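> The file below is query09.pdb, PDB, C-alpha atoms and all ligand atoms:
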```pdb
ATOM      1  CA  MET A   7       6.567  18.385   8.597
ATOM      2  CA  ARG A   8       9.028  15.575   7.981
ATOM      3  CA  LEU A   9       8.190  15.476   4.271
ATOM      4  CA  ALA A  10       8.160  19.180   3.445
ATOM      5  CA  ASP A  11       8.514  19.701  -0.303
ATOM      6  CA  ARG A  12       8.712  15.972  -1.054
ATOM      7  CA  VAL A  13       6.563  14.558  -3.829
ATOM      8  CA  VAL A  14       5.198  11.080  -3.193
ATOM      9  CA  ALA A  15       3.045   8.827  -5.379
ATOM     10  CA  VAL A  16       0.571   6.578  -3.544
ATOM     11  CA  THR A  17      -0.956   3.654  -5.452
ATOM     12  CA  GLY A  18      -4.363   2.290  -4.496
ATOM     13  CA  ALA A  19      -4.996   5.832  -3.312
ATOM     14  CA  ALA A  20      -8.773   5.601  -3.651
ATOM     15  CA  GLY A  21      -8.950   2.770  -1.100
ATOM     16  CA  GLY A  22      -9.233   2.946   2.657
ATOM     17  CA  MET A  23      -5.536   2.793   3.470
ATOM     18  CA  GLY A  24      -4.520   4.905   0.481
ATOM     19  CA  GLU A  25      -6.702   7.794   1.571
ATOM     20  CA  GLY A  26      -5.430   7.621   5.156
ATOM     21  CA  VAL A  27      -1.823   7.469   3.980
ATOM     22  CA  ALA A  28      -2.350  10.422   1.632
ATOM     23  CA  ARG A  29      -3.888  12.434   4.470
ATOM     24  CA  VAL A  30      -0.845  11.861   6.709
ATOM     25  CA  LEU A  31       1.682  12.582   3.951
ATOM     26  CA  LEU A  32      -0.073  15.894   3.265
ATOM     27  CA  GLU A  33       0.019  16.720   6.986
ATOM     28  CA  GLU A  34       3.759  16.043   6.897
ATOM     29  CA  GLY A  35       4.206  18.592   4.118
ATOM     30  CA  ALA A  36       4.343  16.347   1.046
ATOM     31  CA  GLN A  37       2.652  16.829  -2.291
ATOM     32  CA  VAL A  38       0.869  13.630  -3.216
ATOM     33  CA  ALA A  39       0.061  11.955  -6.525
ATOM     34  CA  LEU A  40      -3.007   9.752  -6.034
ATOM     35  CA  TRP A  41      -2.886   6.745  -8.361
ATOM     36  CA  ASP A  42      -5.760   4.258  -8.561
ATOM     37  CA  LEU A  43      -7.869   2.524 -11.210
ATOM     38  CA  SER A  44     -10.515   5.243 -11.463
ATOM     39  CA  ALA A  45      -9.879   8.953 -11.976
ATOM     40  CA  GLU A  46     -13.299   9.655 -10.503
ATOM     41  CA  ARG A  47     -12.471   7.884  -7.230
ATOM     42  CA  THR A  48      -8.980   9.403  -6.916
ATOM     43  CA  GLY A  49     -10.564  12.804  -7.651
ATOM     44  CA  GLU A  50     -13.035  12.282  -4.805
ATOM     45  CA  VAL A  51     -10.164  11.436  -2.449
ATOM     46  CA  ALA A  52      -8.252  14.535  -3.590
ATOM     47  CA  ALA A  53     -11.297  16.684  -2.812
ATOM     48  CA  ARG A  54     -11.568  15.176   0.688
ATOM     49  CA  VAL A  55      -7.899  15.331   1.699
ATOM     50  CA  ASP A  56      -6.745  18.488  -0.086
ATOM     51  CA  GLY A  57      -9.286  21.284   0.037
ATOM     52  CA  SER A  58      -7.025  23.589  -1.989
ATOM     53  CA  GLY A  59      -6.530  21.016  -4.738
ATOM     54  CA  LEU A  60      -3.017  22.396  -5.128
ATOM     55  CA  ARG A  61      -1.059  19.654  -3.373
ATOM     56  CA  THR A  62      -2.584  16.550  -4.950
ATOM     57  CA  LEU A  63      -2.783  15.091  -8.430
ATOM     58  CA  ALA A  64      -5.488  12.491  -9.077
ATOM     59  CA  LEU A  65      -4.695   9.987 -11.828
ATOM     60  CA  ALA A  66      -6.213   6.798 -13.226
ATOM     61  CA  VAL A  67      -3.429   4.210 -13.203
ATOM     62  CA  ASP A  68      -3.567   0.430 -13.334
ATOM     63  CA  VAL A  69      -0.392  -0.614 -11.520
ATOM     64  CA  THR A  70      -0.075  -3.714 -13.698
ATOM     65  CA  ASP A  71       0.062  -1.644 -16.900
ATOM     66  CA  GLU A  72       3.670  -0.610 -17.544
ATOM     67  CA  ASP A  73       2.768   2.087 -20.079
ATOM     68  CA  ALA A  74       0.166   3.620 -17.773
ATOM     69  CA  VAL A  75       2.614   3.633 -14.862
ATOM     70  CA  ARG A  76       5.350   5.261 -16.964
ATOM     71  CA  ALA A  77       2.841   7.908 -18.089
ATOM     72  CA  ALA A  78       1.809   8.504 -14.464
ATOM     73  CA  VAL A  79       5.441   9.057 -13.435
ATOM     74  CA  GLN A  80       5.790  11.584 -16.251
ATOM     75  CA  ALA A  81       2.513  13.355 -15.417
ATOM     76  CA  THR A  82       3.485  13.563 -11.743
ATOM     77  CA  VAL A  83       6.912  15.019 -12.496
ATOM     78  CA  GLU A  84       5.366  17.498 -14.948
ATOM     79  CA  ARG A  85       2.830  18.639 -12.365
ATOM     80  CA  PHE A  86       5.092  18.945  -9.310
ATOM     81  CA  GLY A  87       8.530  19.282 -10.917
ATOM     82  CA  ALA A  88       9.799  16.280  -8.944
ATOM     83  CA  LEU A  89       9.009  12.797  -7.664
ATOM     84  CA  ASP A  90      10.844  11.678  -4.529
ATOM     85  CA  GLY A  91       8.990   8.652  -3.290
ATOM     86  CA  LEU A  92       6.469   5.871  -3.883
ATOM     87  CA  VAL A  93       4.050   4.042  -1.610
ATOM     88  CA  ASN A  94       3.174   0.744  -3.276
ATOM     89  CA  ASN A  95      -0.215   0.369  -1.602
ATOM     90  CA  ALA A  96      -2.549  -0.978  -4.333
ATOM     91  CA  GLY A  97      -3.750  -4.455  -3.506
ATOM     92  CA  THR A  98      -6.475  -6.992  -4.000
ATOM     93  CA  ILE A  99      -7.728 -10.096  -2.204
ATOM     94  CA  THR A 100     -10.001 -12.962  -3.228
ATOM     95  CA  MET A 101     -10.880 -15.353  -0.445
ATOM     96  CA  ASN A 102     -11.339 -19.024  -1.291
ATOM     97  CA  PRO A 103     -10.261 -22.368   0.130
ATOM     98  CA  ALA A 104      -7.098 -23.485  -1.656
ATOM     99  CA  TRP A 105      -9.042 -26.564  -2.866
ATOM    100  CA  ASP A 106     -11.404 -24.359  -4.841
ATOM    101  CA  ALA A 107      -9.325 -21.333  -5.844
ATOM    102  CA  SER A 108      -8.839 -20.943  -9.584
ATOM    103  CA  ALA A 109      -5.521 -20.255 -11.252
ATOM    104  CA  ALA A 110      -7.092 -17.023 -12.557
ATOM    105  CA  GLU A 111      -7.723 -15.819  -8.972
ATOM    106  CA  TRP A 112      -4.167 -16.787  -8.055
ATOM    107  CA  ARG A 113      -2.708 -14.931 -11.041
ATOM    108  CA  ARG A 114      -4.775 -11.789 -10.432
ATOM    109  CA  GLN A 115      -3.600 -11.427  -6.823
ATOM    110  CA  LEU A 116       0.020 -12.070  -7.753
ATOM    111  CA  GLU A 117      -0.346  -9.687 -10.720
ATOM    112  CA  VAL A 118      -1.688  -6.727  -8.725
ATOM    113  CA  ASN A 119       0.073  -7.248  -5.398
ATOM    114  CA  VAL A 120       3.510  -8.344  -6.602
ATOM    115  CA  THR A 121       3.914  -7.513 -10.303
ATOM    116  CA  GLY A 122       2.152  -4.178  -9.790
ATOM    117  CA  SER A 123       4.529  -3.330  -6.933
ATOM    118  CA  PHE A 124       7.507  -4.257  -9.096
ATOM    119  CA  VAL A 125       6.266  -2.302 -12.137
ATOM    120  CA  CYS A 126       5.696   0.852 -10.065
ATOM    121  CA  ALA A 127       8.983   0.475  -8.152
ATOM    122  CA  GLN A 128      10.874   0.064 -11.415
ATOM    123  CA  ALA A 129       9.257   3.055 -13.128
ATOM    124  CA  VAL A 130       9.655   5.330 -10.111
ATOM    125  CA  GLY A 131      13.093   3.833  -9.298
ATOM    126  CA  ARG A 132      14.373   4.737 -12.776
ATOM    127  CA  HIS A 133      13.366   8.312 -12.067
ATOM    128  CA  LEU A 134      14.884   8.287  -8.541
ATOM    129  CA  LYS A 135      18.185   6.705  -9.587
ATOM    130  CA  GLY A 136      21.094   8.863  -8.488
ATOM    131  CA  SER A 137      18.902  11.393  -6.688
ATOM    132  CA  ASP A 138      20.315  10.274  -3.316
ATOM    133  CA  GLY A 139      17.111  10.589  -1.378
ATOM    134  CA  GLY A 140      14.635   8.357  -3.182
ATOM    135  CA  ARG A 141      12.258   6.382  -1.003
ATOM    136  CA  ILE A 142       9.987   3.423  -1.677
ATOM    137  CA  VAL A 143       7.642   1.887   0.883
ATOM    138  CA  ASN A 144       5.842  -1.318  -0.086
ATOM    139  CA  VAL A 145       2.640  -2.305   1.672
ATOM    140  CA  SER A 146       2.885  -5.999   2.492
ATOM    141  CA  SER A 147       0.739  -7.439   5.309
ATOM    142  CA  ASN A 148       0.904  -9.529   8.439
ATOM    143  CA  ALA A 149      -0.297 -12.140   5.890
ATOM    144  CA  GLY A 150       3.169 -11.828   4.335
ATOM    145  CA  LYS A 151       4.669 -13.233   7.545
ATOM    146  CA  ALA A 152       1.946 -15.478   9.014
ATOM    147  CA  GLY A 153      -0.354 -17.948   7.249
ATOM    148  CA  TYR A 154      -4.142 -17.621   7.210
ATOM    149  CA  PRO A 155      -6.724 -20.060   5.825
ATOM    150  CA  ASN A 156      -8.594 -19.273   2.589
ATOM    151  CA  MET A 157      -6.061 -16.774   1.320
ATOM    152  CA  ALA A 158      -3.187 -18.792  -0.130
ATOM    153  CA  ALA A 159      -2.617 -16.474  -3.089
ATOM    154  CA  TYR A 160      -2.867 -13.340  -0.949
ATOM    155  CA  ASN A 161      -0.457 -14.838   1.613
ATOM    156  CA  ALA A 162       1.979 -15.807  -1.140
ATOM    157  CA  SER A 163       1.733 -12.399  -2.808
ATOM    158  CA  LYS A 164       2.416 -10.501   0.394
ATOM    159  CA  ALA A 165       5.383 -12.748   1.252
ATOM    160  CA  ALA A 166       6.705 -12.000  -2.243
ATOM    161  CA  VAL A 167       6.432  -8.266  -1.527
ATOM    162  CA  ILE A 168       8.752  -8.813   1.459
ATOM    163  CA  GLY A 169      11.252 -10.577  -0.824
ATOM    164  CA  LEU A 170      10.955  -7.795  -3.413
ATOM    165  CA  THR A 171      11.639  -5.235  -0.680
ATOM    166  CA  ARG A 172      14.813  -7.009   0.451
ATOM    167  CA  SER A 173      16.140  -7.365  -3.070
ATOM    168  CA  LEU A 174      15.469  -3.787  -4.211
ATOM    169  CA  ALA A 175      16.900  -2.405  -0.964
ATOM    170  CA  MET A 176      20.185  -4.208  -1.606
ATOM    171  CA  GLU A 177      20.338  -3.480  -5.324
ATOM    172  CA  TRP A 178      19.363   0.181  -5.198
ATOM    173  CA  ALA A 179      21.174   1.323  -2.023
ATOM    174  CA  ALA A 180      24.109   2.515  -4.121
ATOM    175  CA  ASP A 181      21.698   4.636  -6.153
ATOM    176  CA  GLY A 182      20.464   6.430  -3.046
ATOM    177  CA  ILE A 183      17.081   4.705  -3.043
ATOM    178  CA  ASN A 184      15.844   3.441   0.312
ATOM    179  CA  VAL A 185      13.313   0.593   0.151
ATOM    180  CA  ASN A 186      11.301  -0.754   3.094
ATOM    181  CA  ALA A 187       7.890  -2.307   3.692
ATOM    182  CA  VAL A 188       5.137  -2.221   6.268
ATOM    183  CA  CYS A 189       3.107  -5.260   7.288
ATOM    184  CA  PRO A 190      -0.217  -4.039   8.696
ATOM    185  CA  GLY A 191      -2.633  -6.150  10.739
ATOM    186  CA  GLY A 192      -6.397  -5.610  10.523
ATOM    187  CA  VAL A 193      -6.916  -2.057   9.251
ATOM    188  CA  ASP A 194     -10.363  -0.499   9.119
ATOM    189  CA  THR A 195     -10.855  -0.372   5.323
ATOM    190  CA  PRO A 196     -13.212  -1.849   2.711
ATOM    191  CA  MET A 197     -10.785  -4.766   2.246
ATOM    192  CA  LEU A 198     -11.248  -5.905   5.856
ATOM    193  CA  THR A 199     -15.025  -5.590   5.455
ATOM    194  CA  GLN A 200     -14.751  -7.725   2.302
ATOM    195  CA  VAL A 201     -12.976 -10.431   4.327
ATOM    196  CA  ALA A 202     -15.658 -10.299   7.067
ATOM    197  CA  GLU A 203     -18.464 -10.471   4.489
ATOM    198  CA  TRP A 204     -16.892 -13.534   2.851
ATOM    199  CA  LEU A 205     -16.515 -15.292   6.200
ATOM    200  CA  SER A 206     -19.949 -14.321   7.539
ATOM    201  CA  PRO A 207     -22.204 -16.888   5.773
ATOM    202  CA  ARG A 208     -19.571 -19.588   6.157
ATOM    203  CA  LEU A 209     -19.270 -19.094   9.915
ATOM    204  CA  GLY A 210     -22.910 -18.137  10.450
ATOM    205  CA  THR A 211     -21.828 -14.959  12.210
ATOM    206  CA  PRO A 212     -22.839 -11.435  11.226
ATOM    207  CA  ALA A 213     -20.090  -9.590   9.361
ATOM    208  CA  ASP A 214     -20.236  -6.725  11.885
ATOM    209  CA  GLU A 215     -19.526  -9.127  14.713
ATOM    210  CA  LEU A 216     -16.635 -10.713  12.818
ATOM    211  CA  LEU A 217     -15.181  -7.271  12.109
ATOM    212  CA  GLN A 218     -15.225  -6.551  15.849
ATOM    213  CA  GLY A 219     -12.991  -9.588  16.333
ATOM    214  CA  MET A 220     -10.491  -8.504  13.682
ATOM    215  CA  GLY A 221      -8.780  -5.940  15.854
ATOM    216  CA  ALA A 222      -5.280  -6.230  17.238
ATOM    217  CA  SER A 223      -5.147  -8.021  20.589
ATOM    218  CA  GLY A 224      -2.132  -5.861  21.522
ATOM    219  CA  LEU A 225      -4.370  -2.797  21.070
ATOM    220  CA  GLY A 226      -7.147  -4.091  23.282
ATOM    221  CA  GLY A 227      -8.955  -5.621  20.307
ATOM    222  CA  ARG A 228      -9.501  -2.457  18.303
ATOM    223  CA  ARG A 229      -8.837  -2.261  14.580
ATOM    224  CA  ILE A 230      -5.928  -0.222  13.244
ATOM    225  CA  ARG A 231      -6.726   3.121  11.628
ATOM    226  CA  PRO A 232      -5.313   3.818   8.143
ATOM    227  CA  GLU A 233      -3.652   7.000   9.427
ATOM    228  CA  GLU A 234      -1.721   4.982  12.026
ATOM    229  CA  VAL A 235      -0.138   2.965   9.223
ATOM    230  CA  GLY A 236       0.319   6.229   7.322
ATOM    231  CA  ARG A 237       2.438   7.691  10.122
ATOM    232  CA  VAL A 238       4.841   4.733   9.998
ATOM    233  CA  ILE A 239       5.006   5.067   6.212
ATOM    234  CA  ALA A 240       5.711   8.807   6.562
ATOM    235  CA  PHE A 241       8.578   7.983   8.925
ATOM    236  CA  LEU A 242      10.014   5.454   6.454
ATOM    237  CA  LEU A 243       9.791   8.062   3.678
ATOM    238  CA  SER A 244      11.607  10.629   5.803
ATOM    239  CA  ASP A 245      15.324  11.254   6.344
ATOM    240  CA  ASP A 246      14.895   9.943   9.914
ATOM    241  CA  ALA A 247      14.669   6.419   8.473
ATOM    242  CA  VAL A 248      17.718   6.520   6.257
ATOM    243  CA  ILE A 249      19.482   3.860   8.354
ATOM    244  CA  ILE A 250      16.563   1.421   7.969
ATOM    245  CA  ARG A 251      16.855  -0.556   4.735
ATOM    246  CA  GLY A 252      15.149  -3.633   3.349
ATOM    247  CA  GLN A 253      12.961  -4.097   6.447
ATOM    248  CA  SER A 254       9.355  -5.252   6.543
ATOM    249  CA  ILE A 255       8.002  -3.733   9.722
ATOM    250  CA  SER A 256       4.932  -5.190  11.411
ATOM    251  CA  VAL A 257       2.416  -2.449  12.169
ATOM    252  CA  ASP A 258      -0.195  -4.615  13.820
ATOM    253  CA  GLY A 259      -0.137  -3.787  17.523
ATOM    254  CA  GLY A 260       2.261  -6.644  18.177
ATOM    255  CA  ASP A 261       0.143  -9.540  16.927
ATOM    256  CA  THR A 262       2.964 -10.682  14.612
ATOM    257  CA  PRO A 263       6.034 -10.051  16.774
ATOM    258  CA  TYR A 264       8.606 -10.701  14.040
TER     259      TYR A 264
HETATM  260  N1  LIG B 301      -7.130  -3.577   5.348
HETATM  261  C1  LIG B 301      -6.288  -4.405   5.937
HETATM  262  O1  LIG B 301      -6.601  -4.968   6.984
HETATM  263  C2  LIG B 301      -4.929  -4.647   5.345
HETATM  264  C3  LIG B 301      -3.985  -5.326   6.120
HETATM  265  C4  LIG B 301      -2.719  -5.536   5.608
HETATM  266  C5  LIG B 301      -2.382  -5.076   4.354
HETATM  267  N2  LIG B 301      -3.321  -4.426   3.608
HETATM  268  C6  LIG B 301      -2.902  -3.944   2.297
HETATM  269  O2  LIG B 301      -3.098  -2.546   2.270
HETATM  270  C7  LIG B 301      -3.236  -2.121   0.924
HETATM  271  C8  LIG B 301      -4.439  -1.205   0.809
HETATM  272  O3  LIG B 301      -5.610  -1.977   1.034
HETATM  273  P1  LIG B 301      -6.940  -1.398   1.690
HETATM  274  O4  LIG B 301      -7.130  -2.101   2.955
HETATM  275  O5  LIG B 301      -6.933   0.060   1.653
HETATM  276  O6  LIG B 301      -8.014  -2.000   0.675
HETATM  277  P2  LIG B 301      -9.021  -1.252  -0.301
HETATM  278  O7  LIG B 301      -9.720  -2.342  -1.012
HETATM  279  O8  LIG B 301      -9.804  -0.232   0.440
HETATM  280  O9  LIG B 301      -8.035  -0.476  -1.310
HETATM  281  C9  LIG B 301      -7.268  -1.119  -2.287
HETATM  282  C10 LIG B 301      -7.167  -0.151  -3.454
HETATM  283  O10 LIG B 301      -6.283  -0.718  -4.437
HETATM  284  C11 LIG B 301      -6.822  -0.389  -5.702
HETATM  285  N3  LIG B 301      -6.347  -1.294  -6.743
HETATM  286  C12 LIG B 301      -6.643  -2.619  -6.893
HETATM  287  N4  LIG B 301      -6.083  -3.074  -8.025
HETATM  288  C13 LIG B 301      -5.414  -2.036  -8.587
HETATM  289  C14 LIG B 301      -4.658  -1.882  -9.770
HETATM  290  N5  LIG B 301      -4.468  -2.911 -10.616
HETATM  291  N6  LIG B 301      -4.121  -0.672 -10.032
HETATM  292  C15 LIG B 301      -4.322   0.378  -9.200
HETATM  293  N7  LIG B 301      -5.049   0.297  -8.067
HETATM  294  C16 LIG B 301      -5.587  -0.902  -7.769
HETATM  295  C17 LIG B 301      -8.340  -0.520  -5.523
HETATM  296  O11 LIG B 301      -9.039   0.163  -6.546
HETATM  297  C18 LIG B 301      -8.529   0.079  -4.144
HETATM  298  O12 LIG B 301      -8.831   1.457  -4.200
HETATM  299  C19 LIG B 301      -3.329  -3.391   0.095
HETATM  300  O13 LIG B 301      -2.076  -3.679  -0.490
HETATM  301  C20 LIG B 301      -3.697  -4.443   1.122
HETATM  302  O14 LIG B 301      -3.308  -5.731   0.700
HETATM  303  C21 LIG B 301      -4.579  -4.195   4.067
END
```
Any chance you could put this one into structure tokens?
Ligand SMILES: NC(=O)c1ccc[n+]([C@@H]2O[C@H](COP(=O)([O-])OP(=O)(O)OC[C@H]3O[C@@H](n4cnc5c(N)ncnc54)[C@H](O)[C@@H]3O)[C@@H](O)[C@H]2O)c1


Amino acid sequence: MRLADRVVAVTGAAGGMGEGVARVLLEEGAQVALWDLSAERTGEVAARVDGSGLRTLALAVDVTDEDAVRAAVQATVERFGALDGLVNNAGTITMNPAWDASAAEWRRQLEVNVTGSFVCAQAVGRHLKGSDGGRIVNVSSNAGKAGYPNMAAYNASKAAVIGLTRSLAMEWAADGINVNAVCPGGVDTPMLTQVAEWLSPRLGTPADELLQGMGASGLGGRRIRPEEVGRVIAFLLSDDAVIIRGQSISVDGGDTPY
């Protein structure tokens, strides 16, 4: 129960990782605001992870919309009487060779993955300022540290999240806000399936087979479970991690050992 009585907002909470993260944060005693594009989908997640319905709040929030994010902060504080932390987990990917990728695809990935993370950090950070216990965890990726073909914009966006993490950690330390990031490898979620399905016709290999190969070699080839990333995020949100600041920690079974 490392997060007893803490209130944490999780963006992209209707996705594979978001649900797993929410589940772990609830296990650790937190109350969790589930923010994602659709109220219906966040409501379904709330019903699955919180039978009582008392410890979650499901909201429709586009992380790129500053007004919507400000309103979500307010609604969360009104519901729980506090907001102590943020997991910037919302993300999007569009695979394409760099030769063919459009500027619109590039902008969309940068907009959601980087600008969205900044907008949410700023809105929640303004609330946390001076509380001496505020926590923000950004979800970058091993693609923020290593390069992969056909995902230039995604790679660039996730590297930018690492830069954002370093900057906010330095700037907001004096305000008691601790900022770190995680860089997951292949996690079993719809996003990884999307990558396999894009590759499948191009490589002439069934998507299922490709997915099998997207596990972490350091874990004997198995894929990472969302809850495993969630436990590292829970640690970073907890007081145990107060001496870790501005770090982007690989949670990929050792495939990106830096
Ligand atoms: N799955 C992996 O292997 C993997 C690896 C490393 C990092 N990540 C990162 O983990 C995070 C979660 O991804 P996932 O694997 O659960 O994918 P997912 O597609 O299952 O979930 C992503 C969620 O983000 C939401 N989202 C997208 N745009 C949004 C917006 N503008 N506002 C609010 N919500 C928005 C989507 O609706 C979706 O529910 C992402 O940031 C992703 O880049 C995933």

> Give one line per residue of chain A that approaches ligand LIG 301 (chain B) to at most 6 Å, naming the two atoms of the closest pair and their distance in Å to one decimal, counting all atoms listed in the file; sort by chain then ascending residue number and deliver it as CSV.


```
residue,atom,partner,partner_atom,distance
A:Thr17,CA,B:LIG301,N7,5.9
A:Gly18,CA,B:LIG301,O10,3.6
A:Ala19,CA,B:LIG301,O12,5.9
A:Ala20,CA,B:LIG301,O12,4.2
A:Gly21,CA,B:LIG301,O12,3.4
A:Gly22,CA,B:LIG301,O5,3.8
A:Met23,CA,B:LIG301,O5,3.6
A:Gly24,CA,B:LIG301,O5,5.5
A:Asp42,CA,B:LIG301,N7,4.1
A:Leu43,CA,B:LIG301,C15,4.6
A:Val67,CA,B:LIG301,C15,5.6
A:Asp68,CA,B:LIG301,N6,3.5
A:Val69,CA,B:LIG301,N6,4.0
A:Thr70,CA,B:LIG301,N5,5.4
A:Asn95,CA,B:LIG301,O13,4.6
A:Ala96,CA,B:LIG301,O10,3.7
A:Gly97,CA,B:LIG301,O13,3.5
A:Thr98,CA,B:LIG301,C12,5.2
A:Val118,CA,B:LIG301,N5,5.1
A:Val145,CA,B:LIG301,O13,5.4
A:Ser146,CA,B:LIG301,C5,5.7
A:Ser147,CA,B:LIG301,C4,4.0
A:Pro190,CA,B:LIG301,C4,4.2
A:Gly191,CA,B:LIG301,C3,4.9
A:Gly192,CA,B:LIG301,O1,3.6
A:Val193,CA,B:LIG301,O1,3.7
A:Asp194,CA,B:LIG301,N1,5.8
A:Thr195,CA,B:LIG301,O4,4.7
A:Pro196,CA,B:LIG301,O8,4.4
A:Met197,CA,B:LIG301,O7,4.2
A:Leu198,CA,B:LIG301,N1,4.8
```

> Please write as an mmCIF file with C-alpha atoms, in the frame of the given file the list of polymer residues whose atoms come within 12 Å of (-7.3, -5.7, 19.9), counting all atoms listed in the file and keeping to the coordinates of the file.


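New file part25.cif:
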```cif
data_model
loop_
_atom_site.group_PDB
_atom_site.id
_atom_site.type_symbol
_atom_site.label_atom_id
_atom_site.label_comp_id
_atom_site.auth_asym_id
_atom_site.auth_seq_id
_atom_site.Cartn_x
_atom_site.Cartn_y
_atom_site.Cartn_z
ATOM 1 C CA GLY A 191 -2.633 -6.150 10.739
ATOM 2 C CA GLY A 192 -6.397 -5.610 10.523
ATOM 3 C CA VAL A 193 -6.916 -2.057 9.251
ATOM 4 C CA LEU A 217 -15.181 -7.271 12.109
ATOM 5 C CA GLN A 218 -15.225 -6.551 15.849
ATOM 6 C CA GLY A 219 -12.991 -9.588 16.333
ATOM 7 C CA MET A 220 -10.491 -8.504 13.682
ATOM 8 C CA GLY A 221 -8.780 -5.940 15.854
ATOM 9 C CA ALA A 222 -5.280 -6.230 17.238
ATOM 10 C CA SER A 223 -5.147 -8.021 20.589
ATOM 11 C CA GLY A 224 -2.132 -5.861 21.522
ATOM 12 C CA LEU A 225 -4.370 -2.797 21.070
ATOM 13 C CA GLY A 226 -7.147 -4.091 23.282
ATOM 14 C CA GLY A 227 -8.955 -5.621 20.307
ATOM 15 C CA ARG A 228 -9.501 -2.457 18.303
ATOM 16 C CA ARG A 229 -8.837 -2.261 14.580
ATOM 17 C CA ILE A 230 -5.928 -0.222 13.244
ATOM 18 C CA ASP A 258 -0.195 -4.615 13.820
ATOM 19 C CA GLY A 259 -0.137 -3.787 17.523
ATOM 20 C CA GLY A 260 2.261 -6.644 18.177
ATOM 21 C CA ASP A 261 0.143 -9.540 16.927
#
```

> Nearest to A:Arg12: which of A:Leu216, A:Leu243, A:Val257, A:Ala158 is it, counting all atoms listed in the file?

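With all atoms listed in the file as the atom set, the closest residue is A:Leu243.
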
> Quick one: residues within 10 Å of A:Leu31, only C-alpha atoms counted, chain neighbours fewer than 5 positions away excluded, as a list in words?

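Neighbouring residues, sequence-local ones excluded: Met7, Arg8, Leu9, Ala10, Arg12, Val13, Val14, Val16, Glu25, Gly26, Ala36, Gln37, Val38, Glu233, Gly236, Arg237, Ile239, Ala240, Phe241 and Leu243 of chain A.
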
> Run the PyMOL selection byres (((chain A and resi 75) around 10) and not hetatm) on the file and write out the hits as a list in words.

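Output from the PyMOL selection byres (((chain A and resi 75) around 10) and not hetatm), applied to this file: Trp41, Ala66, Val67, Asp68, Val69, Thr70, Asp71, Glu72, Asp73, Ala74, Arg76, Ala77, Ala78, Val79, Gln80, Ala81, Gly122, Val125, Cys126, Ala127, Gln128, Ala129 and Val130 of chain A.
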
> Apply the PyMOL selection byres (((chain A and resi 213) around 9) and not hetatm) to the file shown and report the selected residues as a PyMOL selection string.

chain A and resi 199+201-207+211-212+214-218

> Okay, now the selection with C-alpha atoms, as a PDB file, in the frame of the given file?


```
ATOM      1  CA  THR A 199     -15.025  -5.590   5.455  1.00  0.00           C
ATOM      2  CA  VAL A 201     -12.976 -10.431   4.327  1.00  0.00           C
ATOM      3  CA  ALA A 202     -15.658 -10.299   7.067  1.00  0.00           C
ATOM      4  CA  GLU A 203     -18.464 -10.471   4.489  1.00  0.00           C
ATOM      5  CA  TRP A 204     -16.892 -13.534   2.851  1.00  0.00           C
ATOM      6  CA  LEU A 205     -16.515 -15.292   6.200  1.00  0.00           C
ATOM      7  CA  SER A 206     -19.949 -14.321   7.539  1.00  0.00           C
ATOM      8  CA  PRO A 207     -22.204 -16.888   5.773  1.00  0.00           C
ATOM      9  CA  THR A 211     -21.828 -14.959  12.210  1.00  0.00           C
ATOM     10  CA  PRO A 212     -22.839 -11.435  11.226  1.00  0.00           C
ATOM     11  CA  ASP A 214     -20.236  -6.725  11.885  1.00  0.00           C
ATOM     12  CA  GLU A 215     -19.526  -9.127  14.713  1.00  0.00           C
ATOM     13  CA  LEU A 216     -16.635 -10.713  12.818  1.00  0.00           C
ATOM     14  CA  LEU A 217     -15.181  -7.271  12.109  1.00  0.00           C
ATOM     15  CA  GLN A 218     -15.225  -6.551  15.849  1.00  0.00           C
TER      16      GLN A 218
END
```

> Let me know the residues the PyMOL selection byres (((chain A and resi 175-183) around 10) and not hetatm) catches in the file above, as a PyMOL selection string.

chain A and resi 90-91+131-132+134-142+169-174+184-186+248+250-253

> May I ask for the distance between atom CA of A:Val167 and atom CA of A:Ala109, given in Å to one decimal place?

19.5 Å

> Enter the distance from atom CA of A:Ser256 to atom CA of A:Asn144, in Å, rounded to one decimal.

12.2 Å

> So how many Å separate atom CA of A:Ala52 and atom CA of A:Ala64, to one decimal?

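Separation between atom CA of A:Ala52 and atom CA of A:Ala64: 6.5 Å.
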
> Choose the residue, out of A:Ala45, A:Ala28, A:Ala159, A:Val93, that has the smallest atom-to-atom separation from A:Thr62; count all atoms listed in the file.

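Distance minimum relative to A:Thr62 lands on A:Ala28.
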